[in-house]
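Student: I have a structure here, written as structure tokens, and I will follow up with some questions on it.
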Amino acid sequence: MKGELIHRRVKSITVVPITWRTVAIGAIFLRTFRDGPTFSDADVRFVQVVASLTAQALRNAHRYERLAQRTHETGDQLKRMELERVALLAFLRRLLDAFGTQREGAWGEGLLPKASADELDRLVGVAMAVIQEEAKGR
């Protein structure tokens, strides 16, 4: 290895780790040539600052990618939930249509006491209000 470094005119090598929370996630590799100056303490400190900033930038990029992935997954989940709602409503509509056509006039709602009919109307109103509010929130 030493012979190869001499052949390439390398004078000195400095490797500064890129760390995040005491774990090395990369490195900055520097070398000087035989005819050039060696690294000063200021040069090494500068590279350490660059390594620290690089680690922070990589961490931020990782966080952004995770957030973008979660946002995409949440969007997919909302689409699936919406499709489930559509399928459920389509099923209920078809079931009610089939039940209503099997026995013409068989709903027999006129047989219910007025209080029961009023309570059913109230419950339908409450359910519709909840559905409308949920639709606004999404």
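The way I read the labels, and the way they are meant: chains A, B, ... in the order of the structure tokens, residue 1 as the first residue of every chain, and ligand 1 as the first ligand shown, with later ones counted on from there.
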Among stretch 14-137 of chain A, which ones does DSSP assign to alpha helix (DSSP H) (computed from the backbone)? Answer as number ranges by chain.

Tutor: A: 41-102, 114-137

Student: I want to know what sits within 10 Å of stretch 18-22 of chain A, based on only C-alpha atoms, with residues of the same chain fewer than 2 positions away left out; could you give that as a compact mmCIF listing (two decimals) with C-alpha atoms, in the first residue's frame?

Tutor:
```txt
# COMPACT_ATOMS: atom_id res chain seq x y z
CA VAL A 15 -9.99 10.88 7.02
CA VAL A 16 -12.68 12.75 8.94
CA ALA A 24 -20.14 6.81 11.68
CA ILE A 25 -22.37 7.12 8.62
CA GLY A 26 -19.62 8.10 6.18
CA ALA A 27 -16.24 9.77 5.89
CA ILE A 28 -14.50 12.62 4.14
CA VAL A 47 -13.31 19.65 7.44
CA GLN A 48 -14.77 18.54 10.79
CA VAL A 49 -17.32 21.37 10.57
CA VAL A 50 -18.14 20.34 6.99
CA ALA A 51 -18.55 16.71 8.15
CA SER A 52 -20.89 17.81 10.95
CA LEU A 53 -22.99 19.91 8.56
CA THR A 54 -23.06 17.03 6.09
CA ALA A 55 -24.36 14.69 8.81
CA GLN A 56 -27.13 17.14 9.68
CA LEU A 58 -28.20 13.80 5.54
CA ARG A 59 -30.35 13.43 8.65
```

Student: Please compute the atom CA of A:Leu78-atom CA of A:Phe91 distance, one decimal, in Å.

Tutor: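 Taking atom CA of A:Leu78 and atom CA of A:Phe91, their separation equals 19.8 Å.
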
Student: Determine which residues of stretch 1-128 of chain A receive a DSSP assignment of strand (DSSP E or B), computed from the backbone, and state them as a VMD selection string.

Tutor: chain A and resid 10 to 20 23 to 33

Student: Any chance you could export the current selection's C-alpha atoms as a PDB file, in the first residue's frame?

Tutor:
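To be explicit, this is the file written out as out.pdb:
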```
ATOM      1  CA  VAL A  10       0.642  11.218  -1.822  1.00  0.00           C
ATOM      2  CA  LYS A  11       2.244  13.115   1.055  1.00  0.00           C
ATOM      3  CA  SER A  12      -0.451  12.799   3.742  1.00  0.00           C
ATOM      4  CA  ILE A  13      -3.954  11.440   4.179  1.00  0.00           C
ATOM      5  CA  THR A  14      -6.652  12.619   6.557  1.00  0.00           C
ATOM      6  CA  VAL A  15      -9.989  10.878   7.019  1.00  0.00           C
ATOM      7  CA  VAL A  16     -12.683  12.750   8.942  1.00  0.00           C
ATOM      8  CA  PRO A  17     -15.716  10.677   9.926  1.00  0.00           C
ATOM      9  CA  ILE A  18     -19.251  11.896   9.269  1.00  0.00           C
ATOM     10  CA  THR A  19     -21.086  10.894  12.435  1.00  0.00           C
ATOM     11  CA  TRP A  20     -24.634  11.062  13.650  1.00  0.00           C
ATOM     12  CA  VAL A  23     -22.330   6.400  14.763  1.00  0.00           C
ATOM     13  CA  ALA A  24     -20.144   6.814  11.680  1.00  0.00           C
ATOM     14  CA  ILE A  25     -22.365   7.122   8.616  1.00  0.00           C
ATOM     15  CA  GLY A  26     -19.619   8.098   6.181  1.00  0.00           C
ATOM     16  CA  ALA A  27     -16.240   9.773   5.889  1.00  0.00           C
ATOM     17  CA  ILE A  28     -14.499  12.620   4.135  1.00  0.00           C
ATOM     18  CA  PHE A  29     -11.199  11.481   2.660  1.00  0.00           C
ATOM     19  CA  LEU A  30      -8.496  14.113   2.041  1.00  0.00           C
ATOM     20  CA  ARG A  31      -4.968  13.811   0.754  1.00  0.00           C
ATOM     21  CA  THR A  32      -2.091  16.130  -0.006  1.00  0.00           C
ATOM     22  CA  PHE A  33       0.494  15.680  -2.696  1.00  0.00           C
TER      23      PHE A  33
END
```

Student: Provide the atom CA of A:Arg8 to atom CA of A:Arg34 distance in Å, to one decimal place.

Tutor: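 Separation of atom CA of A:Arg8 and atom CA of A:Arg34: 9.0 Å.
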